[in-house]
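*Asks:* Here it is: the structure, laid out below.
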Amino acid sequence: MIKKACFFLLASVLVVSLALTGCSKGAENESGSGKVIKFMHLWPAGSSKQHHMIVQEIIKEFESEHPGVRVEVEVLENEQYKNKIKVLSSSNRLPDVGFTWAAGYLKPFAKGNLFAPLDDVLQEGLKDDFVKGTTEAYAVDGKTYGLPLELNIAPIYYNKKIFKENNLEVPKTYEEFQHVVKTLESKGISPIALGNKDAWTGSLWYMYLADRIGGPKVLNQAIDRSGSFENPALVSAAEEIQKLVKANAFNKGFNGLSNDEAKSEFLNGKAGMYLMGTWELPNFTTNEEIPQDFRDQSGYFKFPTVKGGKGNIDSWVGGPGVGLFVAQNSEVKEESKEFVKFFIEKWGEQSVTKTGVIPATKVDTDKLDLPKLYIDVLNDLNQASNITLFADVQMSPSVAETHLNLIQSLYGNKIKPKDYAKQHETALKNEEN
């Protein structure tokens with residue numbers, strides 16, 4: 001998961017950084033006329049062939065429609081990219097346009113006045129194109145500092161064959177879900193595949209219960225300190241987790257298994273359900289290493305509603321992937337913003353059809369030839385009422401570590417729900433001081 005970046009470097013590194021980069025505040029092209037947008041991204045032709053090709057096509061089209069503007073590209077692998085961004089930020093020499101991540105990663109750049117607010121770009125017609133809840137993850141103090149390209153949500157995948165053989169219907173309410181769990185457990189089938197060794201997997205289940213019981217804002221407000229983690233809804237969500245554990249809802253040994261180990265149990269037909277991000281969609285649609293019979297039997301459903309709860313079934317847990325920023329000190333800021341707007345508009349349909357990436361913008365599925373699961377996910381995203389960003393992504397690194405440790409303890413019945421909530425609240429309060 002994403003952690004906050006640190007930008008304090010030794011003075012000697014600052015000198016080196018000036019020589020390292022060709023990035024600047026903006027530039028004219030070599031002939032002395034026109035303008036150059038310096039764009040840095042992390043999709044090399046070798047490891048991200050399709051992504052790279054789409055970027056090149058978008059740039060070519062942008063330049064043809066904007067005479068006098070040229071986009072100069074630098075491409076680095078993921079870790080190289082992050083390292084160079086740190087160096088460039090220390091000397092305030094970021095590229096005019098680059099990639100960023102949301103929440104904790106983004107915040108120091110925004111607070112340091114390194115990224116330009118992009119609310120004006122959103123107001124130029126882009127705002128309604130984004131899935132609800134995506135751009136909010138790039139906001140700091142009410143201003144938007146990045147525009148997302150990718151999005152992942154976490155549905156509950158299920159084995160249609162197992163459900164049919166046990167006369168089970170897709171649950172829409174939590175009571176119906178509990179019936180599914182009880183039925184499968186009584187037949188000796190693991191109801192849910194969960195690998196909670198890294199704890200973020202178990203956090204997904206907790207987040208959904210928090211949403212369905214307390215509504216879409218209760219967890220966010222506890223984290224951003226406009227609310228409290230000792231909110232009764234967050235305690236109730238913890239109580240429900242322990243009830244699921246007691247009901248043997250999860251596969252044996254889940255707290256010591258990795259996510260890959262748990263996923264293997266689901267892929268091998270040993271579990272009825274598996275909650276995970278849409279980055280797994282290829283395994284259930286186009287991955288030829290997975291037997292066709294299994295892919296044909298794979299479906300998904302939305303996390304059920306809880307009776308008396310404030311959440312609704314169209315609210316998702318998930319989060320955006322990379323997004324685009326514009327450097328605050330760019331001398332071609334307006335052209336850079338125009339490029340970002342153009343890129344977002346062109347990226348949507350191409351990303352899903354050519355790479356299998358779920359975009360952060362709404363997609364008209366009537367125009368696309370995609371596997372049914374993709375079509376269903378995209379249609380559901382178009383109707384999404386909210387997307388709650390992964391909890392540990394919202395938190396600082398130290399609080400996120402506390403959260404994940406407490407998730408492990410909660411699932412292991414080593415902590416009571418009220419203490420679980422209290423320790424979260426203490427960690428968040430301590431960070432304020």
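Chains: A, B, ... in order of the structure tokens. Residues: from 1 per chain. Ligands: from 1, in order shown.
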Any idea what's packed within 7 Å of Ala210 of chain A, counting only C-alpha atoms, ignoring anything in its chain fewer than 4 positions away? Could you give it as a list in words?

*Replies:* Tyr206, Gly214, Leu219, Ala233, Leu234 and Ala237 of chain A

*Asks:* For the residues in that selection, give me all heavy atoms as an mmCIF file, in the first residue's frame.

*Replies:*
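Contents of result_17.cif, as written:
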```cif
data_model
loop_
_atom_site.group_PDB
_atom_site.id
_atom_site.type_symbol
_atom_site.label_atom_id
_atom_site.label_comp_id
_atom_site.auth_asym_id
_atom_site.auth_seq_id
_atom_site.Cartn_x
_atom_site.Cartn_y
_atom_site.Cartn_z
ATOM 1 N N TYR A 206 -13.451 -5.238 7.100
ATOM 2 C CA TYR A 206 -13.807 -4.292 8.162
ATOM 3 C C TYR A 206 -14.342 -2.992 7.579
ATOM 4 O O TYR A 206 -15.355 -2.445 8.053
ATOM 5 C CB TYR A 206 -12.594 -4.004 9.050
ATOM 6 C CG TYR A 206 -12.902 -2.945 10.082
ATOM 7 C CD1 TYR A 206 -13.684 -3.239 11.192
ATOM 8 C CD2 TYR A 206 -12.460 -1.634 9.913
ATOM 9 C CE1 TYR A 206 -14.005 -2.258 12.120
ATOM 10 C CE2 TYR A 206 -12.771 -0.648 10.834
ATOM 11 C CZ TYR A 206 -13.546 -0.970 11.936
ATOM 12 O OH TYR A 206 -13.885 0.011 12.849
ATOM 13 N N GLY A 214 -22.314 2.282 9.405
ATOM 14 C CA GLY A 214 -22.251 3.701 9.782
ATOM 15 C C GLY A 214 -22.380 4.701 8.654
ATOM 16 O O GLY A 214 -22.447 5.903 8.897
ATOM 17 N N LEU A 219 -15.856 6.233 8.658
ATOM 18 C CA LEU A 219 -14.453 5.846 8.756
ATOM 19 C C LEU A 219 -13.536 7.003 8.339
ATOM 20 O O LEU A 219 -12.538 7.293 9.006
ATOM 21 C CB LEU A 219 -14.180 4.617 7.897
ATOM 22 C CG LEU A 219 -12.776 4.030 7.983
ATOM 23 C CD1 LEU A 219 -12.435 3.615 9.406
ATOM 24 C CD2 LEU A 219 -12.627 2.839 7.045
ATOM 25 N N ALA A 233 -20.593 2.814 15.407
ATOM 26 C CA ALA A 233 -20.639 2.065 14.155
ATOM 27 C C ALA A 233 -19.322 1.346 13.891
ATOM 28 O O ALA A 233 -19.296 0.209 13.377
ATOM 29 C CB ALA A 233 -20.972 2.991 12.984
ATOM 30 N N LEU A 234 -18.196 1.992 14.242
ATOM 31 C CA LEU A 234 -16.889 1.380 14.014
ATOM 32 C C LEU A 234 -16.620 0.262 15.018
ATOM 33 O O LEU A 234 -15.929 -0.711 14.700
ATOM 34 C CB LEU A 234 -15.795 2.451 14.084
ATOM 35 C CG LEU A 234 -15.882 3.528 13.001
ATOM 36 C CD1 LEU A 234 -14.757 4.551 13.146
ATOM 37 C CD2 LEU A 234 -15.847 2.901 11.608
ATOM 38 N N ALA A 237 -18.747 -2.678 13.673
ATOM 39 C CA ALA A 237 -18.096 -3.340 12.543
ATOM 40 C C ALA A 237 -17.046 -4.337 13.035
ATOM 41 O O ALA A 237 -16.912 -5.444 12.512
ATOM 42 C CB ALA A 237 -17.450 -2.305 11.622
#
```

*Asks:* So that I can see what lies close to segment 373-382 of chain A, please list as a list in words the residues with an atom at most 8 Å from it, counting only C-alpha atoms and leaving out residues fewer than 6 positions away in the same chain.

*Replies:*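 So the residues in contact are Val131, Leu281, Thr285, Gly299, Tyr300, Asp314, Ile358, Lys362, Val363 and Thr365 of chain A.
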
*Asks:* For Phe177 of chain A, which of A:Leu76, A:Pro282, A:Lys307, A:Ala154 is the closest residue, counting only C-alpha atoms?

*Replies:* A:Lys307

*Asks:* Segment 344-410 of chain A near segment 103-106 of chain A within 9 Å: what's each residue's closest atom pair and its distance in Å to one decimal, counting only C-alpha atoms, ordered by chain then ascending residue number, as JSON lines?

*Replies:*
```
{"residue": "A:Leu389", "atom": "CA", "partner": "A:Ala103", "partner_atom": "CA", "distance": 8.7}
{"residue": "A:Val393", "atom": "CA", "partner": "A:Gly104", "partner_atom": "CA", "distance": 6.4}
{"residue": "A:Gln394", "atom": "CA", "partner": "A:Ala103", "partner_atom": "CA", "distance": 5.7}
{"residue": "A:Met395", "atom": "CA", "partner": "A:Gly104", "partner_atom": "CA", "distance": 6.8}
{"residue": "A:Ser396", "atom": "CA", "partner": "A:Gly104", "partner_atom": "CA", "distance": 6.4}
{"residue": "A:Pro397", "atom": "CA", "partner": "A:Gly104", "partner_atom": "CA", "distance": 8.4}
```

*Asks:* Extract the full set of strand (DSSP E or B) residues from segment 27-209 of chain A according to DSSP on the backbone, and format it as a PyMOL selection string.

*Replies:* chain A and resi 27+35-41+69-75+97-100+115+130+139-140+143-144+147-148+150-153+156-159+173+190-192

*Asks:* Taking N, CA, C and O atoms for each residue, export the selection above as a compact mmCIF listing (two decimals), in the first residue's frame.

*Replies:*
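Output contents, as saved in again21.txt:
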```
# COMPACT_ATOMS: atom_id res chain seq x y z
N ALA A 27 9.85 25.41 -20.96
CA ALA A 27 10.88 25.77 -21.93
C ALA A 27 10.29 26.01 -23.30
O ALA A 27 9.23 25.51 -23.63
N LYS A 35 6.22 26.14 -27.47
CA LYS A 35 6.41 25.80 -26.06
C LYS A 35 6.57 24.29 -25.89
O LYS A 35 6.05 23.51 -26.68
N VAL A 36 7.31 23.92 -24.82
CA VAL A 36 7.58 22.51 -24.53
C VAL A 36 7.01 22.17 -23.16
O VAL A 36 7.29 22.85 -22.17
N ILE A 37 6.21 21.10 -23.11
CA ILE A 37 5.72 20.55 -21.85
C ILE A 37 6.59 19.35 -21.50
O ILE A 37 6.69 18.40 -22.28
N LYS A 38 7.25 19.40 -20.37
CA LYS A 38 8.08 18.27 -19.94
C LYS A 38 7.21 17.32 -19.12
O LYS A 38 6.67 17.69 -18.09
N PHE A 39 7.10 16.09 -19.62
CA PHE A 39 6.19 15.09 -19.06
C PHE A 39 6.98 13.85 -18.65
O PHE A 39 7.73 13.29 -19.43
N MET A 40 6.81 13.44 -17.40
CA MET A 40 7.53 12.29 -16.88
C MET A 40 6.52 11.23 -16.43
O MET A 40 5.58 11.54 -15.68
N HIS A 41 6.68 9.98 -16.94
CA HIS A 41 5.77 8.92 -16.51
C HIS A 41 6.52 7.63 -16.24
O HIS A 41 7.74 7.54 -16.41
N VAL A 69 2.98 23.57 -29.62
CA VAL A 69 3.23 22.94 -28.31
C VAL A 69 3.79 21.54 -28.53
O VAL A 69 3.23 20.76 -29.29
N ARG A 70 4.91 21.25 -27.89
CA ARG A 70 5.52 19.93 -28.00
C ARG A 70 5.63 19.31 -26.62
O ARG A 70 5.90 20.01 -25.64
N VAL A 71 5.40 17.99 -26.53
CA VAL A 71 5.52 17.27 -25.27
C VAL A 71 6.82 16.48 -25.27
O VAL A 71 7.03 15.61 -26.11
N GLU A 72 7.69 16.81 -24.34
CA GLU A 72 8.98 16.13 -24.21
C GLU A 72 8.85 15.10 -23.09
O GLU A 72 8.50 15.44 -21.96
N VAL A 73 9.14 13.82 -23.41
CA VAL A 73 8.84 12.72 -22.48
C VAL A 73 10.09 12.12 -21.86
O VAL A 73 11.09 11.90 -22.54
N GLU A 74 10.00 11.83 -20.55
CA GLU A 74 11.01 11.02 -19.87
C GLU A 74 10.28 9.87 -19.19
O GLU A 74 9.27 10.09 -18.50
N VAL A 75 10.78 8.65 -19.38
CA VAL A 75 10.11 7.46 -18.85
C VAL A 75 11.05 6.70 -17.93
O VAL A 75 12.20 6.42 -18.29
N VAL A 97 4.44 18.18 -16.05
CA VAL A 97 3.37 17.21 -15.81
C VAL A 97 4.02 15.89 -15.41
O VAL A 97 5.03 15.48 -16.00
N GLY A 98 3.47 15.23 -14.41
CA GLY A 98 4.01 13.94 -14.00
C GLY A 98 2.95 13.10 -13.32
O GLY A 98 1.78 13.49 -13.23
N PHE A 99 3.37 11.94 -12.84
CA PHE A 99 2.46 11.02 -12.16
C PHE A 99 2.60 11.17 -10.64
O PHE A 99 3.68 11.39 -10.12
N THR A 100 1.50 11.01 -9.96
CA THR A 100 1.48 11.01 -8.51
C THR A 100 0.51 9.94 -8.03
O THR A 100 -0.25 9.36 -8.81
N PHE A 115 2.73 21.16 -6.16
CA PHE A 115 1.71 20.81 -7.17
C PHE A 115 0.70 21.95 -7.29
O PHE A 115 0.33 22.57 -6.29
N PHE A 130 -15.74 11.87 -13.88
CA PHE A 130 -15.09 10.97 -12.93
C PHE A 130 -16.11 10.19 -12.11
O PHE A 130 -17.18 10.69 -11.79
N ALA A 139 -7.46 15.34 -2.97
CA ALA A 139 -7.73 16.67 -2.41
C ALA A 139 -7.02 16.85 -1.08
O ALA A 139 -6.93 15.92 -0.27
N VAL A 140 -6.49 18.05 -0.87
CA VAL A 140 -5.87 18.44 0.39
C VAL A 140 -6.40 19.82 0.75
O VAL A 140 -6.32 20.75 -0.06
N LYS A 143 -8.67 21.52 -1.85
CA LYS A 143 -8.20 21.75 -3.21
C LYS A 143 -7.71 20.44 -3.82
O LYS A 143 -7.14 19.60 -3.13
N THR A 144 -7.92 20.28 -5.13
CA THR A 144 -7.56 19.04 -5.83
C THR A 144 -6.21 19.20 -6.51
O THR A 144 -6.03 20.08 -7.36
N LEU A 147 -5.29 14.42 -10.79
CA LEU A 147 -6.46 13.84 -11.44
C LEU A 147 -6.16 12.38 -11.77
O LEU A 147 -5.22 12.08 -12.50
N PRO A 148 -6.96 11.44 -11.22
CA PRO A 148 -6.65 10.02 -11.34
C PRO A 148 -6.90 9.44 -12.73
O PRO A 148 -7.81 9.87 -13.45
N GLU A 150 -6.47 5.74 -13.01
CA GLU A 150 -6.90 4.37 -12.76
C GLU A 150 -7.75 4.29 -11.50
O GLU A 150 -7.71 5.17 -10.65
N LEU A 151 -8.50 3.20 -11.40
CA LEU A 151 -9.36 2.99 -10.25
C LEU A 151 -9.51 1.50 -9.97
O LEU A 151 -9.65 0.71 -10.91
N ASN A 152 -9.45 1.15 -8.73
CA ASN A 152 -9.76 -0.23 -8.33
C ASN A 152 -10.80 -0.20 -7.23
O ASN A 152 -10.72 0.61 -6.31
N ILE A 153 -11.78 -1.06 -7.37
CA ILE A 153 -12.76 -1.28 -6.31
C ILE A 153 -12.68 -2.74 -5.90
O ILE A 153 -12.05 -3.55 -6.60
N ILE A 156 -16.97 -8.71 -4.10
CA ILE A 156 -16.85 -10.07 -3.59
C ILE A 156 -17.02 -11.02 -4.77
O ILE A 156 -18.12 -11.15 -5.33
N TYR A 157 -15.93 -11.66 -5.19
CA TYR A 157 -16.00 -12.66 -6.25
C TYR A 157 -16.59 -13.94 -5.65
O TYR A 157 -16.37 -14.25 -4.47
N TYR A 158 -17.33 -14.67 -6.48
CA TYR A 158 -17.90 -15.92 -5.96
C TYR A 158 -17.89 -17.00 -7.04
O TYR A 158 -17.83 -16.71 -8.25
N ASN A 159 -17.93 -18.24 -6.59
CA ASN A 159 -17.93 -19.40 -7.47
C ASN A 159 -19.37 -19.80 -7.75
O ASN A 159 -20.07 -20.32 -6.86
N THR A 173 -28.58 -8.78 1.19
CA THR A 173 -28.59 -8.28 2.57
C THR A 173 -27.58 -9.08 3.38
O THR A 173 -27.20 -10.19 3.01
N SER A 190 -14.99 -23.96 2.63
CA SER A 190 -14.62 -22.66 3.20
C SER A 190 -15.48 -21.58 2.57
O SER A 190 -15.44 -21.39 1.35
N PRO A 191 -16.28 -20.88 3.38
CA PRO A 191 -17.13 -19.84 2.79
C PRO A 191 -16.31 -18.73 2.10
O PRO A 191 -16.63 -18.31 1.00
N ILE A 192 -15.24 -18.28 2.79
CA ILE A 192 -14.46 -17.13 2.30
C ILE A 192 -12.98 -17.46 2.28
O ILE A 192 -12.44 -17.96 3.27
```

*Asks:* Tell me, in Å to one decimal, how far atom CA of Gly195 of chain A is from atom CA of Val352 of chain A.

*Replies:*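 Value for the atom CA of Gly195 of chain A-atom CA of Val352 of chain A distance: 28.1 Å.
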
*Asks:* Could you pull out the alpha helix (DSSP H) residues of segment 291-376 of chain A, going by DSSP on the backbone, and write them as a VMD selection string?

*Replies:* chain A and resid 292 to 296 333 to 355 372 to 376

*Asks:* Please produce an output containing N, CA, C and O atoms for each residue in the selection, written as a tab-separated table (two decimals), in the first residue's frame.

*Replies:*
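Everything below was put into result29.tsv:
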```tsv
chain	number	residue	atom	x	y	z
A	292	GLN	N	-10.53	-22.50	-18.21
A	292	GLN	CA	-11.72	-21.84	-18.75
A	292	GLN	C	-12.96	-22.17	-17.94
A	292	GLN	O	-13.83	-21.32	-17.72
A	293	ASP	N	-13.04	-23.42	-17.46
A	293	ASP	CA	-14.21	-23.82	-16.66
A	293	ASP	C	-14.36	-22.94	-15.43
A	293	ASP	O	-15.48	-22.55	-15.08
A	294	PHE	N	-13.22	-22.65	-14.78
A	294	PHE	CA	-13.29	-21.81	-13.60
A	294	PHE	C	-13.70	-20.39	-13.98
A	294	PHE	O	-14.54	-19.76	-13.31
A	295	ARG	N	-13.09	-19.85	-15.03
A	295	ARG	CA	-13.42	-18.49	-15.44
A	295	ARG	C	-14.90	-18.36	-15.79
A	295	ARG	O	-15.53	-17.35	-15.48
A	296	ASP	N	-15.46	-19.40	-16.39
A	296	ASP	CA	-16.88	-19.38	-16.75
A	296	ASP	C	-17.77	-19.38	-15.52
A	296	ASP	O	-18.92	-18.93	-15.58
A	333	LYS	N	2.22	26.44	-17.45
A	333	LYS	CA	1.18	25.87	-16.59
A	333	LYS	C	-0.16	25.70	-17.31
A	333	LYS	O	-0.82	24.66	-17.19
A	334	GLU	N	-0.56	26.71	-18.08
A	334	GLU	CA	-1.85	26.62	-18.76
A	334	GLU	C	-1.83	25.53	-19.83
A	334	GLU	O	-2.78	24.78	-19.99
A	335	GLU	N	-0.74	25.46	-20.58
A	335	GLU	CA	-0.60	24.40	-21.60
A	335	GLU	C	-0.55	23.02	-20.93
A	335	GLU	O	-1.11	22.05	-21.45
A	336	SER	N	0.10	22.96	-19.78
A	336	SER	CA	0.19	21.69	-19.05
A	336	SER	C	-1.18	21.24	-18.55
A	336	SER	O	-1.52	20.06	-18.62
A	337	LYS	N	-1.96	22.18	-18.07
A	337	LYS	CA	-3.32	21.85	-17.62
A	337	LYS	C	-4.18	21.38	-18.80
A	337	LYS	O	-4.98	20.45	-18.67
A	338	GLU	N	-4.00	22.01	-19.95
A	338	GLU	CA	-4.73	21.59	-21.14
A	338	GLU	C	-4.32	20.18	-21.54
A	338	GLU	O	-5.17	19.36	-21.96
A	339	PHE	N	-3.04	19.87	-21.42
A	339	PHE	CA	-2.56	18.53	-21.74
A	339	PHE	C	-3.15	17.49	-20.78
A	339	PHE	O	-3.57	16.40	-21.20
A	340	VAL	N	-3.19	17.81	-19.50
A	340	VAL	CA	-3.77	16.90	-18.51
A	340	VAL	C	-5.24	16.64	-18.82
A	340	VAL	O	-5.72	15.50	-18.78
A	341	LYS	N	-5.98	17.69	-19.13
A	341	LYS	CA	-7.40	17.54	-19.47
A	341	LYS	C	-7.56	16.65	-20.71
A	341	LYS	O	-8.40	15.73	-20.74
A	342	PHE	N	-6.76	16.89	-21.72
A	342	PHE	CA	-6.81	16.12	-22.96
A	342	PHE	C	-6.47	14.65	-22.68
A	342	PHE	O	-7.14	13.73	-23.17
A	343	PHE	N	-5.44	14.43	-21.87
A	343	PHE	CA	-4.99	13.07	-21.55
A	343	PHE	C	-6.11	12.29	-20.85
A	343	PHE	O	-6.39	11.13	-21.21
A	344	ILE	N	-6.73	12.91	-19.86
A	344	ILE	CA	-7.81	12.26	-19.11
A	344	ILE	C	-8.95	11.87	-20.05
A	344	ILE	O	-9.48	10.75	-19.98
A	345	GLU	N	-9.32	12.78	-20.93
A	345	GLU	CA	-10.43	12.53	-21.84
A	345	GLU	C	-10.14	11.38	-22.79
A	345	GLU	O	-11.04	10.60	-23.14
A	346	LYS	N	-8.91	11.25	-23.23
A	346	LYS	CA	-8.55	10.22	-24.21
A	346	LYS	C	-8.23	8.87	-23.56
A	346	LYS	O	-8.30	7.84	-24.20
A	347	TRP	N	-7.84	8.89	-22.29
A	347	TRP	CA	-7.34	7.69	-21.62
A	347	TRP	C	-8.43	6.64	-21.36
A	347	TRP	O	-8.21	5.44	-21.52
A	348	GLY	N	-9.61	7.07	-20.93
A	348	GLY	CA	-10.67	6.19	-20.45
A	348	GLY	C	-10.92	4.91	-21.22
A	348	GLY	O	-10.60	3.80	-20.78
A	349	GLU	N	-11.51	5.04	-22.42
A	349	GLU	CA	-11.89	3.85	-23.18
A	349	GLU	C	-10.67	3.06	-23.64
A	349	GLU	O	-10.68	1.83	-23.65
A	350	GLN	N	-9.61	3.76	-24.02
A	350	GLN	CA	-8.42	3.05	-24.52
A	350	GLN	C	-7.79	2.20	-23.42
A	350	GLN	O	-7.32	1.09	-23.69
A	351	SER	N	-7.78	2.69	-22.18
A	351	SER	CA	-7.11	1.97	-21.10
A	351	SER	C	-7.79	0.64	-20.82
A	351	SER	O	-7.11	-0.37	-20.58
A	352	VAL	N	-9.10	0.61	-20.85
A	352	VAL	CA	-9.79	-0.63	-20.52
A	352	VAL	C	-9.77	-1.62	-21.67
A	352	VAL	O	-9.64	-2.83	-21.49
A	353	THR	N	-9.88	-1.14	-22.89
A	353	THR	CA	-9.90	-2.06	-24.03
A	353	THR	C	-8.52	-2.58	-24.40
A	353	THR	O	-8.38	-3.73	-24.83
A	354	LYS	N	-7.49	-1.78	-24.19
A	354	LYS	CA	-6.15	-2.18	-24.61
A	354	LYS	C	-5.27	-2.73	-23.49
A	354	LYS	O	-4.30	-3.44	-23.77
A	355	THR	N	-5.60	-2.40	-22.23
A	355	THR	CA	-4.74	-2.86	-21.13
A	355	THR	C	-5.50	-3.59	-20.02
A	355	THR	O	-4.88	-4.19	-19.15
A	372	LYS	N	-17.79	-9.96	-19.99
A	372	LYS	CA	-18.97	-9.52	-19.25
A	372	LYS	C	-18.63	-8.97	-17.86
A	372	LYS	O	-19.24	-7.98	-17.42
A	373	LEU	N	-17.68	-9.59	-17.16
A	373	LEU	CA	-17.33	-9.09	-15.84
A	373	LEU	C	-16.84	-7.64	-15.89
A	373	LEU	O	-17.15	-6.83	-15.01
A	374	TYR	N	-16.06	-7.31	-16.92
A	374	TYR	CA	-15.60	-5.93	-17.08
A	374	TYR	C	-16.78	-4.99	-17.32
A	374	TYR	O	-16.86	-3.90	-16.73
A	375	ILE	N	-17.67	-5.41	-18.20
A	375	ILE	CA	-18.85	-4.59	-18.50
A	375	ILE	C	-19.66	-4.34	-17.24
A	375	ILE	O	-20.09	-3.21	-16.96
A	376	ASP	N	-19.87	-5.41	-16.45
A	376	ASP	CA	-20.65	-5.28	-15.22
A	376	ASP	C	-19.99	-4.32	-14.24
A	376	ASP	O	-20.65	-3.48	-13.62
```

*Asks:* Could you check the closest approach to Gln383 of chain A for each of A:Ser47, A:Asn312, A:Thr286, A:Asn413 and tell me which residue wins, using only C-alpha atoms?

*Replies:*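 So, comparing all the options, the nearest one is A:Asn312.
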
*Asks:* Looking at only C-alpha atoms, which of A:Asp369, A:Gly146, A:Lys160, A:Leu184 is the one that sits closest to Asp120 of chain A?

*Replies:*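 Looking only at the distances to Asp120 of chain A, the closest residue turns out to be A:Gly146.
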
*Asks:* Take atom CA of Asn405 of chain A and atom CA of Tyr420 of chain A and report the distance between them in Å, one decimal.

*Replies:*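 Atom CA of Asn405 of chain A sits 10.1 Å away from atom CA of Tyr420 of chain A.
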
*Asks:* Residues within 12 Å of segment 264-266 of chain A, please, as a compact mmCIF listing (two decimals) with C-alpha atoms, in the first residue's frame. Count only C-alpha atoms; anything in the same chain fewer than 3 positions from it doesn't count.

*Replies:*
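Produced file around-v1.txt, reproduced below:
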```txt
# COMPACT_ATOMS: atom_id res chain seq x y z
CA ILE A 156 -16.85 -10.07 -3.59
CA TYR A 157 -16.00 -12.66 -6.25
CA TYR A 158 -17.90 -15.92 -5.96
CA ASN A 159 -17.93 -19.40 -7.47
CA LYS A 160 -21.23 -19.81 -9.32
CA ILE A 162 -20.50 -23.86 -5.64
CA ILE A 189 -16.58 -25.75 2.15
CA SER A 190 -14.62 -22.66 3.20
CA PRO A 191 -17.13 -19.84 2.79
CA ILE A 192 -14.46 -17.13 2.30
CA ALA A 193 -10.85 -17.26 1.09
CA LEU A 194 -8.81 -14.80 3.15
CA GLY A 195 -5.06 -14.39 3.51
CA PHE A 250 -12.82 -17.85 6.68
CA ASN A 251 -10.53 -20.64 5.53
CA LYS A 252 -8.41 -22.43 8.12
CA PHE A 254 -6.26 -17.42 7.40
CA LEU A 257 -1.67 -17.07 5.09
CA SER A 258 -0.61 -14.62 2.39
CA ASN A 259 -3.12 -13.19 -0.03
CA ASP A 260 -1.67 -15.33 -2.84
CA GLU A 261 -2.14 -18.48 -0.76
CA GLY A 269 -12.51 -24.22 -6.08
CA LYS A 270 -11.95 -24.74 -2.35
CA ALA A 271 -13.76 -21.58 -1.22
CA GLY A 272 -17.03 -19.97 -2.21
CA MET A 273 -16.09 -16.28 -1.99
CA TYR A 274 -13.07 -13.97 -2.21
CA LEU A 275 -13.05 -10.21 -1.57
CA MET A 276 -10.35 -8.43 -3.57
CA ASN A 283 -7.79 -13.98 -13.62
CA PHE A 284 -11.53 -14.38 -13.97
CA ILE A 290 -6.60 -20.17 -15.32
CA PHE A 294 -13.29 -21.81 -13.60
CA ARG A 295 -13.42 -18.49 -15.44
CA GLN A 297 -18.04 -20.01 -13.18
CA SER A 298 -16.69 -16.74 -11.78
```

*Asks:* Which one is closest to Ile223 of chain A: A:Ile415, A:Leu88, A:Ala247, A:Ala427? Count only C-alpha atoms.

*Replies:*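 Among A:Ile415, A:Leu88, A:Ala247, A:Ala427, it is A:Ala427 that comes nearest to Ile223 of chain A.
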
*Asks:* Expressed in Å to a single decimal, how great is the separation between atom CA of Val121 of chain A and atom CA of Ser64 of chain A?

*Replies:*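 Interatomic distance here is 21.0 Å.
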
*Asks:* Could you pull the residues within 10 Å of Gly202 of chain A, counting only C-alpha atoms, minus those fewer than 2 positions along the same chain, as a PyMOL selection string?

*Replies:* chain A and resi 194-200+204-207+241+254-255+259+275+404+407-408+410-411
